[in-house]
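Structure file start14.cif (mmCIF, N, CA and C atoms) is printed below.
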```cif
data_work
#
loop_
_atom_site.group_PDB
_atom_site.id
_atom_site.type_symbol
_atom_site.label_atom_id
_atom_site.label_comp_id
_atom_site.auth_asym_id
_atom_site.auth_seq_id
_atom_site.Cartn_x
_atom_site.Cartn_y
_atom_site.Cartn_z
ATOM 1 N N MET A 1 93.409 92.172 106.201
ATOM 2 C CA MET A 1 94.709 91.613 106.535
ATOM 3 C C MET A 1 95.696 92.753 106.774
ATOM 4 N N ARG A 2 96.577 92.582 107.719
ATOM 5 C CA ARG A 2 97.590 93.590 108.027
ATOM 6 C C ARG A 2 98.684 93.593 106.970
ATOM 7 N N THR A 3 99.250 94.756 106.768
ATOM 8 C CA THR A 3 100.394 94.869 105.872
ATOM 9 C C THR A 3 101.641 94.364 106.589
ATOM 10 N N ARG A 4 102.378 93.516 105.940
ATOM 11 C CA ARG A 4 103.643 93.050 106.514
ATOM 12 C C ARG A 4 104.677 94.147 106.370
ATOM 13 N N ILE A 5 105.522 94.257 107.372
ATOM 14 C CA ILE A 5 106.564 95.285 107.374
ATOM 15 C C ILE A 5 107.928 94.615 107.460
ATOM 16 N N PHE A 6 108.800 94.979 106.545
ATOM 17 C CA PHE A 6 110.200 94.564 106.597
ATOM 18 C C PHE A 6 110.977 95.807 107.008
ATOM 19 N N ALA A 7 111.542 95.790 108.211
ATOM 20 C CA ALA A 7 112.270 96.952 108.726
ATOM 21 C C ALA A 7 113.709 96.566 109.024
ATOM 22 N N ALA A 8 114.623 97.412 108.619
ATOM 23 C CA ALA A 8 116.045 97.161 108.843
ATOM 24 C C ALA A 8 116.642 98.330 109.624
ATOM 25 N N ASN A 9 117.025 98.066 110.873
ATOM 26 C CA ASN A 9 117.659 99.068 111.717
ATOM 27 C C ASN A 9 119.170 98.874 111.617
ATOM 28 N N TRP A 10 119.853 99.826 111.057
ATOM 29 C CA TRP A 10 121.283 99.713 110.813
ATOM 30 C C TRP A 10 122.118 100.036 112.033
ATOM 31 N N LYS A 11 121.472 100.440 113.123
ATOM 32 C CA LYS A 11 122.185 100.855 114.338
ATOM 33 C C LYS A 11 123.198 101.943 113.981
ATOM 34 N N MET A 12 124.449 101.734 114.307
ATOM 35 C CA MET A 12 125.486 102.739 114.037
ATOM 36 C C MET A 12 126.402 102.315 112.890
ATOM 37 N N PHE A 13 125.922 101.420 112.053
ATOM 38 C CA PHE A 13 126.737 100.913 110.954
ATOM 39 C C PHE A 13 126.450 101.665 109.660
ATOM 40 N N LYS A 14 127.405 101.759 108.806
ATOM 41 C CA LYS A 14 127.400 102.340 107.472
ATOM 42 C C LYS A 14 127.682 103.841 107.506
ATOM 43 N N THR A 15 128.740 104.184 106.818
ATOM 44 C CA THR A 15 129.065 105.590 106.570
ATOM 45 C C THR A 15 128.154 106.073 105.440
ATOM 46 N N ASN A 16 128.197 107.357 105.125
ATOM 47 C CA ASN A 16 127.396 107.868 104.003
ATOM 48 C C ASN A 16 127.718 107.165 102.686
ATOM 49 N N PRO A 17 128.996 107.009 102.327
ATOM 50 C CA PRO A 17 129.284 106.285 101.080
ATOM 51 C C PRO A 17 128.794 104.831 101.111
ATOM 52 N N GLU A 18 128.912 104.171 102.266
ATOM 53 C CA GLU A 18 128.419 102.795 102.385
ATOM 54 C C GLU A 18 126.895 102.746 102.273
ATOM 55 N N ALA A 19 126.216 103.704 102.873
ATOM 56 C CA ALA A 19 124.756 103.768 102.786
ATOM 57 C C ALA A 19 124.315 104.018 101.344
ATOM 58 N N GLU A 20 125.018 104.896 100.651
ATOM 59 C CA GLU A 20 124.691 105.177 99.253
ATOM 60 C C GLU A 20 124.868 103.928 98.397
ATOM 61 N N ALA A 21 125.965 103.227 98.567
ATOM 62 C CA ALA A 21 126.211 102.003 97.798
ATOM 63 C C ALA A 21 125.148 100.951 98.104
ATOM 64 N N PHE A 22 124.796 100.799 99.379
ATOM 65 C CA PHE A 22 123.756 99.845 99.759
ATOM 66 C C PHE A 22 122.439 100.183 99.082
ATOM 67 N N CYS A 23 122.038 101.460 99.150
ATOM 68 C CA CYS A 23 120.756 101.879 98.569
ATOM 69 C C CYS A 23 120.730 101.667 97.056
ATOM 70 N N GLN A 24 121.828 101.939 96.391
ATOM 71 C CA GLN A 24 121.878 101.743 94.943
ATOM 72 C C GLN A 24 121.711 100.272 94.584
ATOM 73 N N ASP A 25 122.270 99.376 95.389
ATOM 74 C CA ASP A 25 122.066 97.942 95.167
ATOM 75 C C ASP A 25 120.658 97.514 95.585
ATOM 76 N N PHE A 26 120.184 98.045 96.695
ATOM 77 C CA PHE A 26 118.900 97.648 97.275
ATOM 78 C C PHE A 26 117.722 97.947 96.349
ATOM 79 N N VAL A 27 117.759 99.087 95.664
ATOM 80 C CA VAL A 27 116.618 99.454 94.810
ATOM 81 C C VAL A 27 116.456 98.501 93.628
ATOM 82 N N ASN A 28 117.482 97.749 93.285
ATOM 83 C CA ASN A 28 117.401 96.807 92.177
ATOM 84 C C ASN A 28 116.924 95.417 92.586
ATOM 85 N N LEU A 29 116.750 95.191 93.883
ATOM 86 C CA LEU A 29 116.269 93.890 94.352
ATOM 87 C C LEU A 29 114.765 93.759 94.107
ATOM 88 N N PRO A 30 114.277 92.542 93.858
ATOM 89 C CA PRO A 30 112.831 92.364 93.667
ATOM 90 C C PRO A 30 112.070 92.669 94.956
ATOM 91 N N ARG A 31 110.870 93.174 94.821
ATOM 92 C CA ARG A 31 110.019 93.517 95.962
ATOM 93 C C ARG A 31 108.954 92.454 96.168
ATOM 94 N N VAL A 32 108.575 92.258 97.419
ATOM 95 C CA VAL A 32 107.480 91.365 97.768
ATOM 96 C C VAL A 32 106.211 92.205 97.809
ATOM 97 N N GLN A 33 105.208 91.812 97.061
ATOM 98 C CA GLN A 33 103.949 92.554 97.031
ATOM 99 C C GLN A 33 103.278 92.515 98.403
ATOM 100 N N GLY A 34 102.662 93.619 98.791
ATOM 101 C CA GLY A 34 101.953 93.688 100.055
ATOM 102 C C GLY A 34 102.847 93.809 101.265
ATOM 103 N N CYS A 35 104.110 94.191 101.062
ATOM 104 C CA CYS A 35 105.064 94.329 102.164
ATOM 105 C C CYS A 35 105.630 95.742 102.158
ATOM 106 N N GLU A 36 105.547 96.421 103.293
ATOM 107 C CA GLU A 36 106.126 97.751 103.432
ATOM 108 C C GLU A 36 107.587 97.609 103.851
ATOM 109 N N VAL A 37 108.475 98.359 103.210
ATOM 110 C CA VAL A 37 109.904 98.296 103.509
ATOM 111 C C VAL A 37 110.326 99.610 104.154
ATOM 112 N N VAL A 38 110.983 99.502 105.310
ATOM 113 C CA VAL A 38 111.436 100.680 106.054
ATOM 114 C C VAL A 38 112.902 100.489 106.422
ATOM 115 N N LEU A 39 113.725 101.487 106.126
ATOM 116 C CA LEU A 39 115.140 101.469 106.485
ATOM 117 C C LEU A 39 115.385 102.476 107.605
ATOM 118 N N PHE A 40 116.185 102.079 108.586
ATOM 119 C CA PHE A 40 116.541 102.945 109.700
ATOM 120 C C PHE A 40 118.061 103.101 109.735
ATOM 121 N N PRO A 41 118.605 104.033 108.947
ATOM 122 C CA PRO A 41 120.058 104.233 108.925
ATOM 123 C C PRO A 41 120.508 105.011 110.160
ATOM 124 N N PRO A 42 121.834 105.085 110.389
ATOM 125 C CA PRO A 42 122.318 105.945 111.467
ATOM 126 C C PRO A 42 122.036 107.407 111.116
ATOM 127 N N PHE A 43 122.022 108.247 112.122
ATOM 128 C CA PHE A 43 121.708 109.665 111.939
ATOM 129 C C PHE A 43 122.526 110.306 110.823
ATOM 130 N N THR A 44 123.792 109.958 110.739
ATOM 131 C CA THR A 44 124.682 110.578 109.756
ATOM 132 C C THR A 44 124.335 110.218 108.314
ATOM 133 N N ALA A 45 123.530 109.181 108.108
ATOM 134 C CA ALA A 45 123.180 108.755 106.743
ATOM 135 C C ALA A 45 121.704 108.966 106.416
ATOM 136 N N ILE A 46 120.938 109.575 107.311
ATOM 137 C CA ILE A 46 119.499 109.751 107.065
ATOM 138 C C ILE A 46 119.252 110.550 105.784
ATOM 139 N N ALA A 47 119.924 111.660 105.602
ATOM 140 C CA ALA A 47 119.689 112.500 104.424
ATOM 141 C C ALA A 47 120.026 111.747 103.135
ATOM 142 N N THR A 48 121.088 110.987 103.155
ATOM 143 C CA THR A 48 121.484 110.198 101.980
ATOM 144 C C THR A 48 120.425 109.163 101.643
ATOM 145 N N VAL A 49 119.987 108.409 102.643
ATOM 146 C CA VAL A 49 118.978 107.373 102.423
ATOM 147 C C VAL A 49 117.658 107.991 101.971
ATOM 148 N N ARG A 50 117.251 109.083 102.602
ATOM 149 C CA ARG A 50 115.999 109.753 102.224
ATOM 150 C C ARG A 50 116.032 110.167 100.753
ATOM 151 N N GLN A 51 117.118 110.764 100.332
ATOM 152 C CA GLN A 51 117.248 111.227 98.955
ATOM 153 C C GLN A 51 117.210 110.058 97.968
ATOM 154 N N LEU A 52 117.921 108.996 98.274
ATOM 155 C CA LEU A 52 118.009 107.860 97.351
ATOM 156 C C LEU A 52 116.751 106.993 97.331
ATOM 157 N N MET A 53 115.999 106.960 98.421
ATOM 158 C CA MET A 53 114.813 106.102 98.507
ATOM 159 C C MET A 53 113.518 106.833 98.128
ATOM 160 N N GLN A 54 113.570 108.143 98.017
ATOM 161 C CA GLN A 54 112.379 108.921 97.715
ATOM 162 C C GLN A 54 111.758 108.482 96.389
ATOM 163 N N GLY A 55 110.466 108.176 96.415
ATOM 164 C CA GLY A 55 109.746 107.773 95.219
ATOM 165 C C GLY A 55 109.986 106.332 94.789
ATOM 166 N N ARG A 56 110.612 105.531 95.621
ATOM 167 C CA ARG A 56 110.938 104.146 95.264
ATOM 168 C C ARG A 56 110.143 103.129 96.081
ATOM 169 N N GLY A 57 109.168 103.597 96.846
ATOM 170 C CA GLY A 57 108.352 102.677 97.621
ATOM 171 C C GLY A 57 109.031 102.159 98.871
ATOM 172 N N VAL A 58 110.100 102.819 99.285
ATOM 173 C CA VAL A 58 110.814 102.450 100.502
ATOM 174 C C VAL A 58 110.788 103.674 101.410
ATOM 175 N N THR A 59 110.367 103.485 102.654
ATOM 176 C CA THR A 59 110.366 104.604 103.593
ATOM 177 C C THR A 59 111.571 104.487 104.511
ATOM 178 N N TRP A 60 111.787 105.508 105.298
ATOM 179 C CA TRP A 60 112.956 105.551 106.151
ATOM 180 C C TRP A 60 112.564 106.158 107.487
ATOM 181 N N GLY A 61 113.387 105.928 108.479
ATOM 182 C CA GLY A 61 113.153 106.473 109.804
ATOM 183 C C GLY A 61 114.470 106.598 110.534
ATOM 184 N N ALA A 62 114.381 106.858 111.837
ATOM 185 C CA ALA A 62 115.583 107.024 112.653
ATOM 186 C C ALA A 62 115.412 106.292 113.971
ATOM 187 N N GLN A 63 116.493 105.757 114.475
ATOM 188 C CA GLN A 63 116.443 105.172 115.809
ATOM 189 C C GLN A 63 116.515 106.296 116.829
ATOM 190 N N ASP A 64 116.117 106.020 118.041
ATOM 191 C CA ASP A 64 116.109 107.046 119.084
ATOM 192 C C ASP A 64 117.526 107.487 119.439
ATOM 193 N N VAL A 65 118.168 106.746 120.296
ATOM 194 C CA VAL A 65 119.503 107.103 120.749
ATOM 195 C C VAL A 65 120.313 105.837 120.977
ATOM 196 N N TYR A 66 121.607 106.000 121.019
ATOM 197 C CA TYR A 66 122.490 104.899 121.361
ATOM 198 C C TYR A 66 123.717 105.513 122.022
ATOM 199 N N PRO A 67 124.082 105.082 123.216
ATOM 200 C CA PRO A 67 125.123 105.769 123.982
ATOM 201 C C PRO A 67 126.557 105.472 123.541
ATOM 202 N N LYS A 68 126.751 104.572 122.607
ATOM 203 C CA LYS A 68 128.104 104.190 122.188
ATOM 204 C C LYS A 68 128.505 104.941 120.917
ATOM 205 N N ALA A 69 129.790 104.941 120.617
ATOM 206 C CA ALA A 69 130.295 105.603 119.407
ATOM 207 C C ALA A 69 130.014 104.807 118.152
ATOM 208 N N SER A 70 129.873 103.474 118.280
ATOM 209 C CA SER A 70 129.568 102.624 117.119
ATOM 210 C C SER A 70 129.058 101.289 117.622
ATOM 211 N N GLY A 71 128.533 100.495 116.712
ATOM 212 C CA GLY A 71 128.124 99.136 117.055
ATOM 213 C C GLY A 71 126.636 98.969 117.219
ATOM 214 N N ALA A 72 126.246 97.741 117.529
ATOM 215 C CA ALA A 72 124.819 97.418 117.674
ATOM 216 C C ALA A 72 124.321 97.747 119.058
#
```
Would it be possible to restate this file's structure as structure tokens?
Amino acid sequence: MRTRIFAANWKMFKTNPEAEAFCQDFVNLPRVQGCEVVLFPPFTAIATVRQLMQGRGVTWGAQDVYPKASGA
């Protein structure tokens, strides 16, 4: 059976402080067994998310590009 993936692409939303607050709340949520969780924060928050999610069973990635200053 394939592993289910829950992926969240944040686009250009969340500043570093907002990403940190989200991650601190997110790690306390119950996990679904057999599901891989991947977060895709904006470039400016990748380091924050990586640091906070390391060793917690949540992986992270980056979106390619987006030509706008903010938004989806």
(request) Within 12 Å of A:Val58, counting only C-alpha atoms, which residues show up once you throw out same-chain ones fewer than 5 positions away? Write them as a ChimeraX atom specification, please. (result) /A:5-8,23,26-27,29,31-32,35-40,49-53
(message) Between atom CA of A:Thr59 and atom CA of A:Lys11, what distance in Å does the model show, to one decimal?
(response)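 Here the two named atoms are 16.4 Å from each other.
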(request) Could you tell me how far atom N of A:Ala19 lies from atom N of A:Thr3, in Å and to one decimal? (result)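 The value is 28.7 Å.
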(request) Find the distance between atom CA of A:Pro30 and atom CA of A:Phe43 and write it in Å to one decimal. (result)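 According to the coordinates, atom CA of A:Pro30 and atom CA of A:Phe43 are separated by 26.7 Å.
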(request) Can you work out which one of A:Met12, A:Lys68, A:Arg56, A:Ala21 has the shortest atom-to-atom distance to A:Thr44, counting only C-alpha atoms? (result) A:Met12
(request) Just list the residues in chain A DSSP gives strand (DSSP E) on the backbone, as a list in words. (result)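 Here is the list: Arg4, Ile5, Phe6, Ala7, Ala8, Asn9, Cys35, Glu36, Val37, Val38, Leu39, Phe40, Val58, Thr59 and Trp60 of chain A.
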Take the selection from the previous step and output its residues with N, CA and C atoms, as a tab-separated table (two decimals), in the frame of the given file.
```tsv
chain	number	residue	atom	x	y	z
A	4	ARG	N	102.38	93.52	105.94
A	4	ARG	CA	103.64	93.05	106.51
A	4	ARG	C	104.68	94.15	106.37
A	5	ILE	N	105.52	94.26	107.37
A	5	ILE	CA	106.56	95.28	107.37
A	5	ILE	C	107.93	94.62	107.46
A	6	PHE	N	108.80	94.98	106.54
A	6	PHE	CA	110.20	94.56	106.60
A	6	PHE	C	110.98	95.81	107.01
A	7	ALA	N	111.54	95.79	108.21
A	7	ALA	CA	112.27	96.95	108.73
A	7	ALA	C	113.71	96.57	109.02
A	8	ALA	N	114.62	97.41	108.62
A	8	ALA	CA	116.04	97.16	108.84
A	8	ALA	C	116.64	98.33	109.62
A	9	ASN	N	117.02	98.07	110.87
A	9	ASN	CA	117.66	99.07	111.72
A	9	ASN	C	119.17	98.87	111.62
A	35	CYS	N	104.11	94.19	101.06
A	35	CYS	CA	105.06	94.33	102.16
A	35	CYS	C	105.63	95.74	102.16
A	36	GLU	N	105.55	96.42	103.29
A	36	GLU	CA	106.13	97.75	103.43
A	36	GLU	C	107.59	97.61	103.85
A	37	VAL	N	108.48	98.36	103.21
A	37	VAL	CA	109.90	98.30	103.51
A	37	VAL	C	110.33	99.61	104.15
A	38	VAL	N	110.98	99.50	105.31
A	38	VAL	CA	111.44	100.68	106.05
A	38	VAL	C	112.90	100.49	106.42
A	39	LEU	N	113.72	101.49	106.13
A	39	LEU	CA	115.14	101.47	106.48
A	39	LEU	C	115.38	102.48	107.60
A	40	PHE	N	116.18	102.08	108.59
A	40	PHE	CA	116.54	102.94	109.70
A	40	PHE	C	118.06	103.10	109.74
A	58	VAL	N	110.10	102.82	99.28
A	58	VAL	CA	110.81	102.45	100.50
A	58	VAL	C	110.79	103.67	101.41
A	59	THR	N	110.37	103.48	102.65
A	59	THR	CA	110.37	104.60	103.59
A	59	THR	C	111.57	104.49	104.51
A	60	TRP	N	111.79	105.51	105.30
A	60	TRP	CA	112.96	105.55	106.15
A	60	TRP	C	112.56	106.16	107.49
```
(request) Identify all residues of chain A in helix (DSSP H, G or I) (DSSP on the backbone) and supply them as a list of chain:residue names. (result)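 Those in chain A that DSSP calls helix (DSSP H, G or I) are A:Asn16, A:Pro17, A:Glu18, A:Ala19, A:Glu20, A:Ala21, A:Phe22, A:Cys23, A:Gln24, A:Asp25, A:Phe26, A:Phe43, A:Thr44, A:Ala45, A:Ile46, A:Ala47, A:Thr48, A:Val49, A:Arg50, A:Gln51, A:Leu52, A:Met53.
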(message) For a quick check of understanding, using only C-alpha atoms, which of A:Met1, A:Asn16, A:Asn9, A:Ala62 has the smallest distance to A:Ala45?
(response)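 Residue with the minimum atom-to-atom distance to A:Ala45: A:Asn16.
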